[in-house]
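Okay, so here's the structure we're looking at.
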Amino acid sequence: MGSYVPSGMSERAEMLQKIGVSSIEELYAAVPAEMLVKDLKLPQGKSELEVSGEMTAISEKNKVFKTILRGAGAYDHYIPAIVKSVTSKEQLVTAYTPYQAEISQGILQSIFEYQTMICSLTGMDVSNASVYDGATAMAESVAMCKERKKTKAYISATVNPQYLEVVRTYCSAAGTDLTVIPEKDGKTDIEALKAAMGADAACFLSQQPNFYGIMEDCTALAEATHAAGAKYVLCCNPISLAICKTPAEYGADVAVGEGQPLGMPIAFGGPYLGFMATKTAMQRKLPGRIVGETVDVEGKRGFVLTLQAREQHIRREKASSNICSNQALCALTASVYLSAMGEGGLKQAAKLCTSKAHYFASELTKIEGVELVYDAPYFHEFVTTLPKSAEVLSALENAGILGGLETEKGVLWCVTEKVSKAELDRAVAIVKEVLA
Amino acid sequence: MKLIFERGNEGQALCLMPACDVPEVTLEGFEREGKLYLPHVSENELSRHYTEIAKRVHGVNDGFYPLGSCTMKYNPKVNEEAAALPGFVGVHPLQGDKNSQGCLEVLYKIEESLAEISGMDNVTLQPAAGAHGEFTGLLLIKSYLESIGATNRKKIIVPDSAHGTNPASAVMCGFEIVNIPSGADGCVDLEALSGAVGEDTAGLMLTNPNTVGVFDKNILEITKIVHDAGGLCYYDGANLNAVMGVVRPGDMGFDCIHFNLHKTFSTPHGGGGPGSGPVGCKAFLAPFLPGIRVNKKPCGCYTSGKAEKSFGEVKAFGGNFLVVVKALTYILTLGKEGIPEAAKNAVLNANYMQACLKDDFDLAYDVICMHEFVLTLDKFHKETGISALDLAKGLLDHGIHPPTMYFPLIVHEALMIEPTETEPKEMLDEAVAVFKELKKLAYENPQALHDAPVKTPVRRLDDVRAARTPVLRYNFE
């Protein structure tokens, strides 16, 4: 069996002697004897060579697609080589939450830099150190907006259905009334939003681009939300923010989103990164860790976890959230990614996504029976009709291409900068062939 | 050191993206107005920046890390390799069961193993961290109580020694908190518990061993009192490392549990995450589980689905999957003998260190401990003026990560020490010698400890200034 216990039998005996017991079992004397496990039904332990082989064999039962034209919340972007090199540094991988600031300056500074970059992307003033993913970021934002007389939450039907599901769970847990604002032509029905919100509205949540890839008129949504005296929470794609209006420019009060596109692999859904940022006025409502700059006793710049009076280990049942562990290494990943890409690289990635998605859409829709479902501007995802969709998607799969996702509205396609024109042309040819 | 924004020159960049090979499209009317401030560095500067960052971090690989309640054991490298396999990192979460058989097998196998280790029937891998697991487990309890019409049960009982996440999670689930005092031995006061339970009790949240590192010998009576009153019992798995493979929460009478894969199952903590907080439960709670439920067909293939009365989802997709891969690798490595062996040696190491320190420092509870123990520096502080914080800062100059300070809240001037099973006796002896040296220093030259640390990249930091005048990002203008 494998073991990571360094003490041999002679050390164990010395230690037992110092403690004054004759066996390790004696240390468990407080455990009622009838409760002790007699036969743990697990396989025998194995050597590293065997385990490594077994895990590799399991991983090979998955299909890894060479070309991915599916997004819907998990986006296959290029990850620069420097990202993995930095994020596998042992100190950064194995450290705990930076409770002891003097020996955690590296982690603390990297979080401060991450917070800065998230503020830069979103146009907001303050960012936290991360939450679990985009869905939980959205869900956590509701509690930030609730006040004594403003208790109701509203969410657009155009957000990622999984996010909606998570927001629903969090709201229902806390007893928060949640209303879904219907969709009209692939966008939030703004008239329905205006009609729904009253004086007790705490917040409205929407997504840009939305689940169908569509860019909505978020300025109008922000105005309608503010007219009801509520806060506007905008969940956005971080890569799109390189070229698109920021949540702050739309007038959002809270910006949240899924940070996975910033250097994290799709990895069957995690670990990903939830980012959350807000205006200074609401900074003390943010959940989770926040790092601040300060000085040491000699006046040297340093960083600490700050505004901790919001957090569970101080406030217990009065905390703004229960979050403790977050996604720190994923936040670091995002920082390294953004530093490597820089302003120019990130803008180019965003432009490539948009341009390639539009190229792919225009080529696909030349095929009879394939049409865009919505006539609206989109970023890097779009929905089409697709006759014989199962057959088409299966033909693509056989060619190593993961096609779009089948949804109630049609097939949702996604194109990132990773996919070359040649690959897109090949996908189009396959679709054409099946539908011919 | 410099911030990444203070390095490099405007216009400097890596060459990562190709030119556009299709007609360029702009999203008119949606263009960003404000400048996008991001670092502008060469790859060399970027790489060196993070090397310098890493030098200013104490990880498990840098030295002893006896941070109580956090189980900072060694993080095996083979786990990292498994989680980096192309067949795991390149899988889209929505590519269908047929194309994701390996991922489903991982979920199935670890569910089986964790259920066996905890004495539960089913496990969801969706929660991303311990606190997220608490939230999930409490929602299972809430959903079950609602399903039997027991909507009057709104109170969760939490001992005053509990982790702060316990009450915070319960409130997020709409429960009210009933705090009960611990007994003189740090364990649950049975009278206080009996007095607290009633028709409005939804459940009890408990760690066992508890946060003072003691196995509550009355555990069967405790869970019986709660069950007799109609409530359920939630096991906070933060301290599972002491008992895994030795005694099972399910056999102690608990109905559900969260695991901290980043503590007990050796996955690294990444400077604060990602962790993973799977939730296990008894069969009667399983219909309400969130996340992906995996079934194994007679043909050996796997299918995914939802629990029949699932209360919903707590996260997108199936959880922090790559963390789960690391934990499965660890479980396969240790196996049926290695799992209890790890627990037993964690307990041995803690008792050895406790025995070595008890003549020099006051123990909060002078009993056989489990995987951790708590010192109280109350008297020491009064005699020397040196607080738990000062002693902790003294440890920094010796390359030791301090124990958890000022927790649990019921112990004054607490230092909670958890050596874990992966430390050799030699390391424990060295650490004990440092503790004794610092004690001597406290009596002879307390100022030296008030001034500590002096060897770290920065010295003590001004927390008050950070909170009063928050500077939470770099100012580019």
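Naming scheme: A, B, ... for chains in displayed order of the structure tokens; residues 1 onward per chain; ligands 1 onward as shown.
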Q) Which of stretch 146-350 of chain A counts as strand (DSSP E or B) under DSSP, as a ChimeraX atom specification please? A) /A:152-156,178-181,183-184,187-188,201-208,214,231-236,244,254-258,274-278,291-296,301-305
Q | Distance query A:Tyr154 at most 6 Å, only C-alpha atoms, self and fewer than 3 positions along chain excluded, as a PyMOL selection string | A | chain A and resi 178-180+204
For the selection just defined, write its residues with all heavy atoms to a file, as a PDB file, in the first residue's frame.
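In the end it all went to part11.pdb:
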ATOM      1  N   LEU A 178     -38.031  35.166  -5.253  1.00  0.00           N
ATOM      2  CA  LEU A 178     -37.326  35.348  -6.530  1.00  0.00           C
ATOM      3  C   LEU A 178     -38.307  35.255  -7.688  1.00  0.00           C
ATOM      4  O   LEU A 178     -39.062  34.293  -7.793  1.00  0.00           O
ATOM      5  CB  LEU A 178     -36.236  34.281  -6.698  1.00  0.00           C
ATOM      6  CG  LEU A 178     -35.451  34.307  -8.018  1.00  0.00           C
ATOM      7  CD1 LEU A 178     -34.477  35.478  -8.059  1.00  0.00           C
ATOM      8  CD2 LEU A 178     -34.695  32.993  -8.233  1.00  0.00           C
ATOM      9  N   THR A 179     -38.294  36.255  -8.553  1.00  0.00           N
ATOM     10  CA  THR A 179     -39.176  36.254  -9.716  1.00  0.00           C
ATOM     11  C   THR A 179     -38.345  36.207 -10.992  1.00  0.00           C
ATOM     12  O   THR A 179     -37.369  36.950 -11.124  1.00  0.00           O
ATOM     13  CB  THR A 179     -40.039  37.539  -9.736  1.00  0.00           C
ATOM     14  OG1 THR A 179     -40.744  37.611  -8.501  1.00  0.00           O
ATOM     15  CG2 THR A 179     -41.032  37.526 -10.890  1.00  0.00           C
ATOM     16  N   VAL A 180     -38.744  35.336 -11.907  1.00  0.00           N
ATOM     17  CA  VAL A 180     -38.042  35.251 -13.187  1.00  0.00           C
ATOM     18  C   VAL A 180     -38.749  36.150 -14.203  1.00  0.00           C
ATOM     19  O   VAL A 180     -39.947  36.021 -14.430  1.00  0.00           O
ATOM     20  CB  VAL A 180     -38.002  33.799 -13.703  1.00  0.00           C
ATOM     21  CG1 VAL A 180     -37.264  33.726 -15.044  1.00  0.00           C
ATOM     22  CG2 VAL A 180     -37.321  32.885 -12.683  1.00  0.00           C
ATOM     23  N   PHE A 204     -32.081  43.223  -9.469  1.00  0.00           N
ATOM     24  CA  PHE A 204     -32.368  42.518 -10.710  1.00  0.00           C
ATOM     25  C   PHE A 204     -31.048  41.984 -11.255  1.00  0.00           C
ATOM     26  O   PHE A 204     -30.042  42.690 -11.295  1.00  0.00           O
ATOM     27  CB  PHE A 204     -33.046  43.440 -11.717  1.00  0.00           C
ATOM     28  CG  PHE A 204     -33.124  42.830 -13.096  1.00  0.00           C
ATOM     29  CD1 PHE A 204     -33.871  41.676 -13.327  1.00  0.00           C
ATOM     30  CD2 PHE A 204     -32.429  43.396 -14.157  1.00  0.00           C
ATOM     31  CE1 PHE A 204     -33.916  41.090 -14.586  1.00  0.00           C
ATOM     32  CE2 PHE A 204     -32.474  42.823 -15.432  1.00  0.00           C
ATOM     33  CZ  PHE A 204     -33.224  41.675 -15.641  1.00  0.00           C
TER      34      PHE A 204
END
Return as a short mmCIF file (atom, residue, chain, number, x, y, z; two decimals) with N, CA and C atoms, in the first residue's frame the full set of residues in stretch 237-465 of chain B whose backbone-based DSSP assignment is helix (DSSP H, G or I).
data_model
loop_
_atom_site.label_atom_id
_atom_site.label_comp_id
_atom_site.auth_asym_id
_atom_site.auth_seq_id
_atom_site.Cartn_x
_atom_site.Cartn_y
_atom_site.Cartn_z
N GLY B 237 -17.16 17.71 8.83
CA GLY B 237 -16.04 16.81 8.59
C GLY B 237 -14.65 17.44 8.67
N ALA B 238 -14.56 18.64 9.19
CA ALA B 238 -13.26 19.32 9.25
C ALA B 238 -12.22 18.49 9.99
N ASN B 239 -12.66 17.69 10.96
CA ASN B 239 -11.71 16.94 11.78
C ASN B 239 -11.70 15.44 11.47
N LEU B 240 -12.16 15.09 10.30
CA LEU B 240 -12.27 13.68 9.94
C LEU B 240 -10.91 12.97 9.90
N ASN B 241 -9.84 13.75 9.71
CA ASN B 241 -8.53 13.11 9.58
C ASN B 241 -8.15 12.29 10.81
N ALA B 242 -8.73 12.64 11.95
CA ALA B 242 -8.40 11.91 13.17
C ALA B 242 -8.99 10.51 13.19
N PRO B 249 -18.65 8.42 11.08
CA PRO B 249 -19.72 9.32 11.51
C PRO B 249 -21.10 8.67 11.38
N GLY B 250 -21.29 7.88 10.33
CA GLY B 250 -22.58 7.21 10.15
C GLY B 250 -22.90 6.29 11.30
N ASP B 251 -21.84 5.65 11.87
CA ASP B 251 -22.05 4.76 13.01
C ASP B 251 -22.19 5.53 14.31
N MET B 252 -21.79 6.79 14.31
CA MET B 252 -21.95 7.62 15.51
C MET B 252 -23.38 8.15 15.61
N ALA B 283 -29.54 7.15 3.35
CA ALA B 283 -30.42 6.94 2.20
C ALA B 283 -31.68 7.80 2.22
N PHE B 284 -32.23 8.07 3.42
CA PHE B 284 -33.50 8.81 3.44
C PHE B 284 -33.33 10.26 3.00
N LEU B 285 -32.09 10.76 3.01
CA LEU B 285 -31.85 12.14 2.55
C LEU B 285 -31.44 12.18 1.07
N ALA B 286 -31.04 11.04 0.54
CA ALA B 286 -30.48 11.00 -0.81
C ALA B 286 -31.41 11.50 -1.92
N PRO B 287 -32.73 11.30 -1.81
CA PRO B 287 -33.59 11.81 -2.91
C PRO B 287 -33.49 13.32 -3.10
N PHE B 288 -32.97 14.04 -2.09
CA PHE B 288 -32.95 15.51 -2.17
C PHE B 288 -31.61 16.06 -2.66
N PHE B 321 -14.05 19.41 -10.06
CA PHE B 321 -13.74 18.06 -10.53
C PHE B 321 -12.27 17.67 -10.39
N LEU B 322 -11.35 18.55 -10.79
CA LEU B 322 -9.93 18.16 -10.73
C LEU B 322 -9.46 17.94 -9.29
N VAL B 323 -10.08 18.63 -8.34
CA VAL B 323 -9.76 18.40 -6.93
C VAL B 323 -10.24 17.00 -6.52
N VAL B 324 -11.39 16.63 -7.04
CA VAL B 324 -11.94 15.31 -6.77
C VAL B 324 -11.02 14.22 -7.33
N VAL B 325 -10.46 14.47 -8.51
CA VAL B 325 -9.52 13.52 -9.12
C VAL B 325 -8.31 13.31 -8.19
N LYS B 326 -7.81 14.41 -7.61
CA LYS B 326 -6.65 14.30 -6.70
C LYS B 326 -7.01 13.45 -5.49
N ALA B 327 -8.20 13.67 -4.94
CA ALA B 327 -8.60 12.94 -3.74
C ALA B 327 -8.79 11.45 -4.05
N LEU B 328 -9.32 11.15 -5.22
CA LEU B 328 -9.49 9.74 -5.58
C LEU B 328 -8.12 9.07 -5.72
N THR B 329 -7.18 9.79 -6.31
CA THR B 329 -5.83 9.24 -6.45
C THR B 329 -5.25 8.89 -5.08
N TYR B 330 -5.48 9.77 -4.13
CA TYR B 330 -5.00 9.57 -2.77
C TYR B 330 -5.66 8.34 -2.12
N ILE B 331 -6.96 8.23 -2.30
CA ILE B 331 -7.68 7.11 -1.69
C ILE B 331 -7.23 5.78 -2.31
N LEU B 332 -7.03 5.77 -3.62
CA LEU B 332 -6.55 4.55 -4.28
C LEU B 332 -5.15 4.18 -3.78
N THR B 333 -4.33 5.19 -3.54
CA THR B 333 -2.97 4.94 -3.07
C THR B 333 -2.97 4.33 -1.66
N LEU B 334 -3.71 4.96 -0.75
CA LEU B 334 -3.70 4.51 0.64
C LEU B 334 -4.49 3.20 0.83
N GLY B 335 -5.67 3.18 0.25
CA GLY B 335 -6.48 1.97 0.36
C GLY B 335 -6.93 1.64 1.76
N LYS B 336 -7.41 0.41 1.94
CA LYS B 336 -8.07 0.04 3.20
C LYS B 336 -7.16 0.09 4.41
N GLU B 337 -5.85 -0.16 4.23
CA GLU B 337 -4.96 -0.09 5.40
C GLU B 337 -4.41 1.32 5.57
N GLY B 338 -4.14 1.96 4.47
CA GLY B 338 -3.49 3.27 4.52
C GLY B 338 -4.36 4.37 5.09
N ILE B 339 -5.67 4.28 4.86
CA ILE B 339 -6.58 5.32 5.36
C ILE B 339 -6.56 5.35 6.90
N PRO B 340 -6.83 4.22 7.58
CA PRO B 340 -6.75 4.28 9.05
C PRO B 340 -5.32 4.52 9.55
N GLU B 341 -4.34 4.06 8.80
CA GLU B 341 -2.95 4.27 9.22
C GLU B 341 -2.63 5.76 9.28
N ALA B 342 -3.14 6.50 8.29
CA ALA B 342 -2.92 7.96 8.27
C ALA B 342 -3.57 8.59 9.50
N ALA B 343 -4.83 8.20 9.77
CA ALA B 343 -5.54 8.77 10.92
C ALA B 343 -4.80 8.48 12.22
N LYS B 344 -4.38 7.23 12.38
CA LYS B 344 -3.74 6.83 13.64
C LYS B 344 -2.42 7.56 13.86
N ASN B 345 -1.69 7.77 12.78
CA ASN B 345 -0.42 8.47 12.94
C ASN B 345 -0.61 9.97 13.15
N ALA B 346 -1.72 10.51 12.63
CA ALA B 346 -2.04 11.90 12.92
C ALA B 346 -2.29 12.06 14.42
N VAL B 347 -3.01 11.08 14.98
CA VAL B 347 -3.33 11.11 16.42
C VAL B 347 -2.06 10.87 17.24
N LEU B 348 -1.23 9.96 16.77
CA LEU B 348 0.04 9.69 17.47
C LEU B 348 0.91 10.95 17.50
N ASN B 349 1.07 11.59 16.36
CA ASN B 349 1.90 12.78 16.28
C ASN B 349 1.39 13.90 17.19
N ALA B 350 0.08 14.08 17.21
CA ALA B 350 -0.50 15.14 18.04
C ALA B 350 -0.28 14.83 19.53
N ASN B 351 -0.50 13.58 19.92
CA ASN B 351 -0.31 13.23 21.33
C ASN B 351 1.16 13.32 21.74
N TYR B 352 2.04 12.98 20.82
CA TYR B 352 3.47 13.07 21.12
C TYR B 352 3.86 14.54 21.36
N MET B 353 3.41 15.40 20.46
CA MET B 353 3.75 16.81 20.63
C MET B 353 3.13 17.38 21.90
N GLN B 354 1.91 16.96 22.15
CA GLN B 354 1.24 17.41 23.38
C GLN B 354 2.03 16.97 24.60
N ALA B 355 2.47 15.72 24.59
CA ALA B 355 3.24 15.20 25.73
C ALA B 355 4.55 15.97 25.90
N CYS B 356 5.16 16.34 24.79
CA CYS B 356 6.43 17.06 24.85
C CYS B 356 6.26 18.50 25.33
N LEU B 357 5.08 19.07 25.10
CA LEU B 357 4.89 20.49 25.43
C LEU B 357 4.18 20.72 26.76
N ASP B 378 -3.06 31.75 28.66
CA ASP B 378 -3.65 32.75 29.54
C ASP B 378 -2.69 33.14 30.68
N LYS B 379 -2.25 32.12 31.42
CA LYS B 379 -1.36 32.36 32.56
C LYS B 379 0.00 32.89 32.07
N PHE B 380 0.49 32.27 31.04
CA PHE B 380 1.75 32.66 30.41
C PHE B 380 1.71 34.14 30.00
N HIS B 381 0.59 34.54 29.45
CA HIS B 381 0.39 35.92 29.00
C HIS B 381 0.44 36.87 30.18
N LYS B 382 -0.24 36.45 31.28
CA LYS B 382 -0.27 37.31 32.47
C LYS B 382 1.13 37.44 33.07
N GLU B 383 1.90 36.36 33.01
CA GLU B 383 3.23 36.37 33.61
C GLU B 383 4.27 37.11 32.77
N THR B 384 4.14 37.00 31.47
CA THR B 384 5.20 37.52 30.60
C THR B 384 4.77 38.68 29.72
N ALA B 388 -0.70 34.86 22.72
CA ALA B 388 -0.66 33.78 21.72
C ALA B 388 -0.17 34.34 20.38
N LEU B 389 -0.61 35.55 20.08
CA LEU B 389 -0.19 36.20 18.83
C LEU B 389 1.32 36.42 18.81
N ASP B 390 1.86 36.93 19.93
CA ASP B 390 3.31 37.20 19.99
C ASP B 390 4.10 35.90 19.80
N LEU B 391 3.65 34.85 20.46
CA LEU B 391 4.37 33.58 20.33
C LEU B 391 4.31 33.09 18.88
N ALA B 392 3.13 33.26 18.28
CA ALA B 392 2.96 32.85 16.88
C ALA B 392 3.94 33.62 16.00
N LYS B 393 4.06 34.91 16.25
CA LYS B 393 4.96 35.72 15.42
C LYS B 393 6.42 35.29 15.63
N GLY B 394 6.72 34.84 16.85
CA GLY B 394 8.06 34.33 17.13
C GLY B 394 8.37 33.08 16.32
N LEU B 395 7.35 32.25 16.12
CA LEU B 395 7.53 31.01 15.35
C LEU B 395 7.91 31.32 13.90
N LEU B 396 7.39 32.43 13.40
CA LEU B 396 7.66 32.79 11.99
C LEU B 396 9.16 32.92 11.73
N LYS B 425 9.01 12.39 13.26
CA LYS B 425 9.29 12.69 14.67
C LYS B 425 10.34 13.79 14.79
N GLU B 426 11.32 13.70 13.90
CA GLU B 426 12.41 14.68 13.90
C GLU B 426 11.88 16.12 13.78
N MET B 427 10.91 16.31 12.91
CA MET B 427 10.31 17.64 12.73
C MET B 427 9.58 18.07 13.99
N LEU B 428 8.85 17.12 14.59
CA LEU B 428 8.10 17.44 15.81
C LEU B 428 9.07 17.84 16.92
N ASP B 429 10.18 17.10 17.04
CA ASP B 429 11.18 17.41 18.07
C ASP B 429 11.78 18.81 17.85
N GLU B 430 12.06 19.12 16.62
CA GLU B 430 12.60 20.46 16.31
C GLU B 430 11.61 21.54 16.71
N ALA B 431 10.34 21.32 16.36
CA ALA B 431 9.31 22.31 16.66
C ALA B 431 9.14 22.48 18.17
N VAL B 432 9.18 21.36 18.88
CA VAL B 432 9.05 21.41 20.34
C VAL B 432 10.20 22.24 20.92
N ALA B 433 11.40 22.02 20.40
CA ALA B 433 12.57 22.78 20.88
C ALA B 433 12.37 24.28 20.64
N VAL B 434 11.79 24.62 19.49
CA VAL B 434 11.55 26.04 19.19
C VAL B 434 10.52 26.62 20.17
N PHE B 435 9.44 25.88 20.42
CA PHE B 435 8.44 26.35 21.38
C PHE B 435 9.10 26.62 22.74
N LYS B 436 9.96 25.70 23.17
CA LYS B 436 10.60 25.85 24.49
C LYS B 436 11.55 27.05 24.50
N GLU B 437 12.25 27.23 23.40
CA GLU B 437 13.17 28.36 23.29
C GLU B 437 12.41 29.68 23.37
N LEU B 438 11.26 29.71 22.69
CA LEU B 438 10.46 30.94 22.70
C LEU B 438 9.89 31.21 24.08
N LYS B 439 9.57 30.12 24.81
CA LYS B 439 9.07 30.29 26.17
C LYS B 439 10.14 30.96 27.03
N LYS B 440 11.36 30.45 26.90
CA LYS B 440 12.48 30.99 27.66
C LYS B 440 12.66 32.48 27.32
N LEU B 441 12.58 32.76 26.03
CA LEU B 441 12.74 34.14 25.57
C LEU B 441 11.65 35.04 26.15
N ALA B 442 10.45 34.51 26.29
CA ALA B 442 9.34 35.29 26.81
C ALA B 442 9.62 35.77 28.24
N TYR B 443 10.29 34.93 29.01
CA TYR B 443 10.60 35.31 30.40
C TYR B 443 11.85 36.19 30.47
N GLU B 444 12.82 35.93 29.58
CA GLU B 444 14.09 36.64 29.66
C GLU B 444 14.12 37.95 28.89
N PRO B 446 11.19 39.56 26.79
CA PRO B 446 9.89 39.58 26.12
C PRO B 446 9.84 40.56 24.95
N GLN B 447 10.63 41.63 25.03
CA GLN B 447 10.60 42.61 23.94
C GLN B 447 10.92 41.97 22.60
N ALA B 448 11.84 40.99 22.64
CA ALA B 448 12.23 40.33 21.39
C ALA B 448 11.01 39.68 20.73
N LEU B 449 10.08 39.17 21.55
CA LEU B 449 8.89 38.55 20.98
C LEU B 449 7.84 39.59 20.58
N HIS B 450 7.82 40.70 21.31
CA HIS B 450 6.91 41.77 20.88
C HIS B 450 7.35 42.31 19.52
N ASP B 451 8.65 42.26 19.26
CA ASP B 451 9.19 42.78 18.00
C ASP B 451 9.10 41.79 16.85
N ASP B 463 -3.02 46.34 10.65
CA ASP B 463 -4.36 45.88 10.25
C ASP B 463 -5.40 46.99 10.38
N VAL B 464 -5.22 47.82 11.40
CA VAL B 464 -6.21 48.87 11.67
C VAL B 464 -6.23 49.86 10.51
N ARG B 465 -5.04 50.25 10.06
CA ARG B 465 -4.95 51.18 8.94
C ARG B 465 -5.60 50.56 7.69
#
Q.
Excluding A:Ala143 and its own-chain neighbours fewer than 3 positions away, which residues fall within 10 Å of it when counting only C-alpha atoms? Please give them as a list of chain:residue names.
A. A:Met138, A:Ala139, A:Glu140, A:Lys146, A:Glu147, A:Thr151, A:Ala153, A:Tyr170, A:Cys171, A:Ala174, A:Thr176, A:Ala202, A:Cys203, A:Lys285, A:Leu286, A:Pro287, A:Ser320, A:Ser321, B:Met172
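Our summary of the geometry notes that atom CA of B:Ala19 is positioned 27.5 Å from atom CA of A:Gly123.
Closest to A:Thr136 among B:Phe175, B:Phe311, B:Phe317, B:Phe88 is B:Phe317, based on only C-alpha atoms.
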Q: Name the residues in contact with stretch 389-397 of chain A at a cut-off of 12 Å, using only C-alpha atoms, excluding same-chain residues fewer than 6 positions from it; report them as a ChimeraX atom specification.
A: /A:63-70,369-370,403-407,410-413,423-424,426-436 /B:95-96,98-99
Q. Which is closer to B:Glu176 than all the others in B:Ala316, B:Leu206, B:Ala54, B:Val158, using only C-alpha atoms?
A. B:Val158
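A straight line drawn from atom CA of B:Asn122 to atom CA of B:Phe265 is 17.9 Å long.
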Q: Extract, using only C-alpha atoms, all DNA, RNA and protein residues at most 12 Å from stretch 37-45 of chain B, discarding same-chain residues fewer than 6 positions from it, and format them as a PyMOL selection string.
A: (chain A and resi 80-83+85-86+113-123+241-242+334-347) or (chain B and resi 2-16+51-52+474-477)
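Across the model, the gap from atom CA of A:Ser141 to atom CA of A:Val167 is 9.2 Å.
Considering the residues A:Lys279, A:Lys245, A:Arg301, A:Lys194 and counting only C-alpha atoms, chain B has its shortest atom-to-atom contact with A:Lys245.
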Q) So, counting only C-alpha atoms, which residue among A:Ile243, A:Leu332, A:Val254, A:Ala195 is closest to A:Ile107? A) A:Leu332
